[in-house]
$ cat upload-v6.cif   # mmCIF, C-alpha atoms, pLDDT in the B column; chains and numbers go by the auth columns
data_data
loop_
_atom_site.group_PDB
_atom_site.id
_atom_site.type_symbol
_atom_site.label_atom_id
_atom_site.label_comp_id
_atom_site.label_asym_id
_atom_site.label_seq_id
_atom_site.Cartn_x
_atom_site.Cartn_y
_atom_site.Cartn_z
_atom_site.B_iso_or_equiv
_atom_site.auth_seq_id
_atom_site.auth_asym_id
ATOM 1 C CA MET A 1 85.212 86.620 103.518 50.00 1 D
ATOM 2 C CA LYS A 2 87.595 85.610 106.315 64.00 2 D
ATOM 3 C CA GLY A 3 91.192 84.504 106.183 90.00 3 D
ATOM 4 C CA VAL A 4 91.715 85.046 102.450 96.00 4 D
ATOM 5 C CA LYS A 5 95.413 84.417 101.791 97.00 5 D
ATOM 6 C CA THR A 6 96.672 87.561 100.096 98.00 6 D
ATOM 7 C CA ALA A 7 99.925 88.761 98.529 98.00 7 D
ATOM 8 C CA TYR A 8 100.800 92.457 98.934 97.00 8 D
ATOM 9 C CA VAL A 9 102.602 93.966 95.946 97.00 9 D
ATOM 10 C CA GLY A 10 104.414 97.121 97.002 93.00 10 D
ATOM 11 C CA ARG A 11 107.497 98.583 98.591 88.00 11 D
ATOM 12 C CA HIS A 12 105.863 100.896 101.116 87.00 12 D
ATOM 13 C CA SER A 13 104.899 100.083 104.675 91.00 13 D
ATOM 14 C CA LEU A 14 101.163 100.026 105.196 96.00 14 D
ATOM 15 C CA LEU A 15 99.469 102.801 107.162 96.00 15 D
ATOM 16 C CA SER A 16 97.591 101.781 110.314 96.00 16 D
ATOM 17 C CA ALA A 17 94.234 102.597 108.660 97.00 17 D
ATOM 18 C CA GLN A 18 95.194 100.347 105.725 97.00 18 D
ATOM 19 C CA VAL A 19 96.059 97.472 108.084 96.00 19 D
ATOM 20 C CA GLN A 20 92.721 97.958 109.848 97.00 20 D
ATOM 21 C CA ALA A 21 90.826 97.936 106.509 97.00 21 D
ATOM 22 C CA ILE A 22 92.656 94.795 105.354 96.00 22 D
ATOM 23 C CA LYS A 23 91.699 92.992 108.571 95.00 23 D
ATOM 24 C CA ALA A 24 88.078 94.190 108.299 95.00 24 D
ATOM 25 C CA LEU A 25 87.897 92.655 104.799 95.00 25 D
ATOM 26 C CA GLY A 26 89.280 89.349 106.074 96.00 26 D
ATOM 27 C CA LEU A 27 92.436 89.534 103.977 97.00 27 D
ATOM 28 C CA GLU A 28 95.443 87.771 105.491 96.00 28 D
ATOM 29 C CA LEU A 29 98.726 89.144 104.143 96.00 29 D
ATOM 30 C CA VAL A 30 100.993 86.106 103.813 96.00 30 D
ATOM 31 C CA GLU A 31 103.395 87.255 101.098 95.00 31 D
ATOM 32 C CA LYS A 32 105.051 90.578 100.235 96.00 32 D
ATOM 33 C CA ILE A 33 106.345 91.195 96.717 96.00 33 D
ATOM 34 C CA GLU A 34 108.320 94.384 96.256 93.00 34 D
ATOM 35 C CA ASN A 35 108.712 94.146 92.479 91.00 35 D
ATOM 36 C CA LEU A 36 106.894 92.022 89.923 94.00 36 D
ATOM 37 C CA PRO A 37 108.945 90.450 87.134 93.00 37 D
ATOM 38 C CA ASN A 38 108.972 92.358 83.828 86.00 38 D
ATOM 39 C CA ASP A 39 109.198 89.192 81.739 91.00 39 D
ATOM 40 C CA SER A 40 105.755 87.661 81.104 91.00 40 D
ATOM 41 C CA ARG A 41 107.055 84.083 81.529 95.00 41 D
ATOM 42 C CA GLU A 42 108.539 84.991 84.910 96.00 42 D
ATOM 43 C CA LEU A 43 105.294 86.718 85.912 96.00 43 D
ATOM 44 C CA HIS A 44 103.237 83.633 85.024 95.00 44 D
ATOM 45 C CA LYS A 45 105.730 81.451 86.924 97.00 45 D
ATOM 46 C CA LEU A 46 105.273 83.706 89.980 97.00 46 D
ATOM 47 C CA ILE A 47 101.475 83.501 89.652 97.00 47 D
ATOM 48 C CA THR A 48 101.711 79.687 89.569 97.00 48 D
ATOM 49 C CA GLU A 49 103.941 79.694 92.663 97.00 49 D
ATOM 50 C CA LEU A 50 101.542 82.008 94.518 98.00 50 D
ATOM 51 C CA LYS A 51 98.565 79.794 93.647 97.00 51 D
ATOM 52 C CA GLN A 52 100.514 76.741 94.901 97.00 52 D
ATOM 53 C CA LYS A 53 100.968 78.584 98.224 96.00 53 D
ATOM 54 C CA GLY A 54 97.201 79.062 98.441 97.00 54 D
ATOM 55 C CA ILE A 55 97.198 82.765 97.588 97.00 55 D
ATOM 56 C CA GLN A 56 93.683 83.794 96.551 97.00 56 D
ATOM 57 C CA ALA A 57 94.005 87.579 96.306 98.00 57 D
ATOM 58 C CA VAL A 58 96.487 90.335 95.505 98.00 58 D
ATOM 59 C CA LEU A 59 96.566 93.768 97.164 97.00 59 D
ATOM 60 C CA THR A 60 98.475 96.689 95.668 96.00 60 D
ATOM 61 C CA VAL A 61 98.481 100.467 95.301 91.00 61 D
ATOM 62 C CA ALA A 62 99.269 101.101 91.650 86.00 62 D
ATOM 63 C CA LEU A 63 100.612 99.009 88.806 90.00 63 D
ATOM 64 C CA PRO A 64 100.677 99.381 85.009 91.00 64 D
ATOM 65 C CA PRO A 65 97.404 98.259 83.358 90.00 65 D
ATOM 66 C CA HIS A 66 98.895 95.144 81.729 89.00 66 D
ATOM 67 C CA LEU A 67 100.105 93.864 85.119 93.00 67 D
ATOM 68 C CA LEU A 68 96.753 94.644 86.734 94.00 68 D
ATOM 69 C CA ALA A 69 94.983 92.747 83.945 93.00 69 D
ATOM 70 C CA THR A 70 97.271 89.718 84.326 94.00 70 D
ATOM 71 C CA LEU A 71 96.871 89.625 88.094 96.00 71 D
ATOM 72 C CA SER A 72 93.097 90.168 87.990 95.00 72 D
ATOM 73 C CA SER A 73 92.708 87.225 85.615 95.00 73 D
ATOM 74 C CA ALA A 74 94.382 84.961 88.203 96.00 74 D
ATOM 75 C CA PHE A 75 93.312 86.407 91.583 97.00 75 D
ATOM 76 C CA ASP A 76 90.798 88.667 93.274 97.00 76 D
ATOM 77 C CA LEU A 77 92.515 92.044 92.949 97.00 77 D
ATOM 78 C CA TYR A 78 92.287 94.808 95.544 97.00 78 D
ATOM 79 C CA ILE A 79 93.642 98.337 95.163 97.00 79 D
ATOM 80 C CA LEU A 80 94.462 100.652 98.051 97.00 80 D
ATOM 81 C CA GLU A 81 92.883 103.916 96.886 96.00 81 D
ATOM 82 C CA MET A 82 95.142 106.860 97.659 95.00 82 D
ATOM 83 C CA GLN A 83 94.205 110.498 96.994 96.00 83 D
ATOM 84 C CA SER A 84 97.319 112.350 95.854 95.00 84 D
ATOM 85 C CA SER A 85 98.380 115.981 95.811 96.00 85 D
ATOM 86 C CA THR A 86 101.555 118.002 96.327 96.00 86 D
ATOM 87 C CA MET A 87 102.978 120.486 98.819 95.00 87 D
ATOM 88 C CA GLN A 88 105.916 122.793 98.433 91.00 88 D
ATOM 89 C CA ASN A 89 108.106 121.488 101.258 92.00 89 D
ATOM 90 C CA ILE A 90 108.599 118.625 103.703 92.00 90 D
ATOM 91 C CA THR A 91 107.744 120.759 106.751 94.00 91 D
ATOM 92 C CA GLU A 92 104.303 121.473 105.289 95.00 92 D
ATOM 93 C CA ALA A 93 103.842 117.788 104.364 96.00 93 D
ATOM 94 C CA GLU A 94 104.889 116.558 107.827 96.00 94 D
ATOM 95 C CA LYS A 95 102.422 118.949 109.479 97.00 95 D
ATOM 96 C CA TRP A 96 99.645 117.655 107.187 97.00 96 D
ATOM 97 C CA VAL A 97 100.543 113.995 107.883 97.00 97 D
ATOM 98 C CA ASN A 98 100.655 114.599 111.659 97.00 98 D
ATOM 99 C CA GLU A 99 97.000 115.719 111.574 98.00 99 D
ATOM 100 C CA LYS A 100 95.914 112.177 110.539 97.00 100 D
ATOM 101 C CA PRO A 101 98.964 109.864 110.610 97.00 101 D
ATOM 102 C CA GLN A 102 96.818 106.713 110.394 97.00 102 D
ATOM 103 C CA THR A 103 95.662 107.646 106.857 97.00 103 D
ATOM 104 C CA ARG A 104 98.308 110.038 105.508 97.00 104 D
ATOM 105 C CA THR A 105 101.873 109.850 104.238 96.00 105 D
ATOM 106 C CA TYR A 106 104.221 111.734 101.931 95.00 106 D
ATOM 107 C CA LEU A 107 106.941 110.993 99.404 91.00 107 D
ATOM 108 C CA PRO A 108 109.735 113.559 99.195 87.00 108 D
ATOM 109 C CA GLY A 109 110.560 114.768 95.702 81.00 109 D
ATOM 110 C CA ARG A 110 113.970 115.421 94.250 85.00 110 D
ATOM 111 C CA PRO A 111 115.584 118.726 95.261 85.00 111 D
ATOM 112 C CA GLY A 112 113.444 121.586 93.979 84.00 112 D
ATOM 113 C CA GLU A 113 110.428 119.357 93.257 90.00 113 D
ATOM 114 C CA PRO A 114 107.199 119.466 95.259 93.00 114 D
ATOM 115 C CA VAL A 115 106.514 116.851 97.948 95.00 115 D
ATOM 116 C CA ARG A 116 103.840 114.310 97.005 94.00 116 D
ATOM 117 C CA ILE A 117 101.214 113.798 99.717 96.00 117 D
ATOM 118 C CA LEU A 118 98.905 110.780 99.840 96.00 118 D
ATOM 119 C CA GLU A 119 95.777 110.017 101.838 97.00 119 D
ATOM 120 C CA PHE A 120 94.218 106.556 102.117 97.00 120 D
ATOM 121 C CA LYS A 121 90.547 106.631 101.079 97.00 121 D
ATOM 122 C CA GLY A 122 89.570 102.953 100.909 97.00 122 D
ATOM 123 C CA ILE A 123 90.069 99.617 99.191 97.00 123 D
ATOM 124 C CA ASN A 124 88.525 98.823 95.811 97.00 124 D
ATOM 125 C CA LYS A 125 88.087 95.344 94.356 97.00 125 D
ATOM 126 C CA ILE A 126 88.770 95.578 90.629 95.00 126 D
ATOM 127 C CA LYS A 127 88.727 93.475 87.484 94.00 127 D
ATOM 128 C CA VAL A 128 90.919 94.674 84.621 92.00 128 D
ATOM 129 C CA ILE A 129 90.369 93.528 81.063 89.00 129 D
ATOM 130 C CA ILE A 130 92.375 95.024 78.219 87.00 130 D
ATOM 131 C CA ASN A 131 90.958 94.926 74.721 87.00 131 D
ATOM 132 C CA SER A 132 93.694 95.593 72.211 86.00 132 D
ATOM 133 C CA GLU A 133 93.127 96.512 68.588 91.00 133 D
ATOM 134 C CA ARG A 134 96.075 97.448 66.384 91.00 134 D
ATOM 135 C CA VAL A 135 95.254 100.670 64.607 94.00 135 D
ATOM 136 C CA TYR A 136 98.612 101.163 62.900 94.00 136 D
ATOM 137 C CA THR A 137 101.317 98.798 61.716 94.00 137 D
ATOM 138 C CA VAL A 138 104.834 99.968 60.930 95.00 138 D
ATOM 139 C CA PRO A 139 105.406 99.556 57.182 93.00 139 D
#
$ encode --input "upload-v6.cif" --output "structure tokens"
Amino acid sequence: MKGVKTAYVGRHSLLSAQVQAIKALGLELVEKIENLPNDSRELHKLITELKQKGIQAVLTVALPPHLLATLSSAFDLYILEMQSSTMQNITEAEKWVNEKPQTRTYLPGRPGEPVRILEFKGINKIKVIINSERVYTVP
């Protein structure tokens, strides 16, 4: 798989290990989408536009299941797997990140909240199918 035109859905800059993994898979990031539309018509319009641009795959970190299902029905879908934990302060998190900056990052919390730390573990190709069965209807 070489030169697969791919859209990246996310706001964060990619870590160097993520960029290396993307290249090793033959994914070519040609479009960055920071936020997907909430409206289903707008989402389907975006999917059509991406397909017209030759996009064959989508790469992301985390999205709600219904968005993952919609995207995986239209494209090959790849997820950047990130192992997550927390630390008590930014100093601790920065020290941890500096040990392996190519695979690690952190997201500061609000004042008084722990700092979320993330480590890149790999890329997973996924297919999401949602089966919905109403089990209660409002009278």
$ closest_residue --input "upload-v6.cif" --among "D:Leu68, D:Ala93, D:Leu59, D:Ser16" --to "Asn124 in chain D" --atoms "all atoms listed in the file"
D:Leu59
$ residues_around --input "upload-v6.cif" --residues "range 32-48 of chain D" --least-positions-apart "6" --cutoff "8 Å" --atoms "all atoms listed in the file" --output "VMD selection string"
chain D and resid 7 to 11 71 74
$ closest_residue --input "upload-v6.cif" --among "D:Val97, D:Ile130, D:Leu63, D:Leu29" --to "Lys5 in chain D" --atoms "all atoms listed in the file"
D:Leu29
$ axis_aligned_box --input "upload-v6.cif" --around "range 123-135 of chain D" --padding-each-side "4 Å" --output "AutoDock Vina command-line options"
--center_x 92.1 --center_y 97.1 --center_z 81.9 --size_x 16.0 --size_y 15.2 --size_z 42.6
$ closest_residue --input "upload-v6.cif" --among "D:Asn89, D:Thr137, D:Gln18, D:Thr6" --to "Phe75 in chain D" --atoms "all atoms listed in the file"
D:Thr6
$ closest_residue --input "upload-v6.cif" --among "D:Ile126, D:Val4, D:Met87, D:Leu67" --to "Gly112 in chain D" --atoms "all atoms listed in the file"
D:Met87
$ closest_residue --input "upload-v6.cif" --among "D:Asp76, D:Leu14, D:Glu31, D:Ala24" --to "Glu49 in chain D" --atoms "only C-alpha atoms"
D:Glu31
$ closest_residue --input "upload-v6.cif" --among "D:Tyr106, D:Gln88, D:Pro101, D:Met82" --to "Phe120 in chain D" --atoms "only C-alpha atoms"
D:Met82
$ resolve_selection --input "upload-v6.cif" --expression "the PyMOL selection byres ((chain D and resi 104) around 12)" --output "ChimeraX atom specification"
/D:13-18,81-85,93-103,105-107,116-121
$ residues_near_point --input "upload-v6.cif" --point "(95.1, 96.3, 99.5)" --cutoff "6 Å" --atoms "all atoms listed in the file" --output "list in words"
Leu59, Thr60, Tyr78, Ile79 and Leu80 of chain D
$ atom_distance --input "upload-v6.cif" --atom1 "CA of Ile55 in chain D" --atom2 "CA of Asn131 in chain D"
26.6 Å
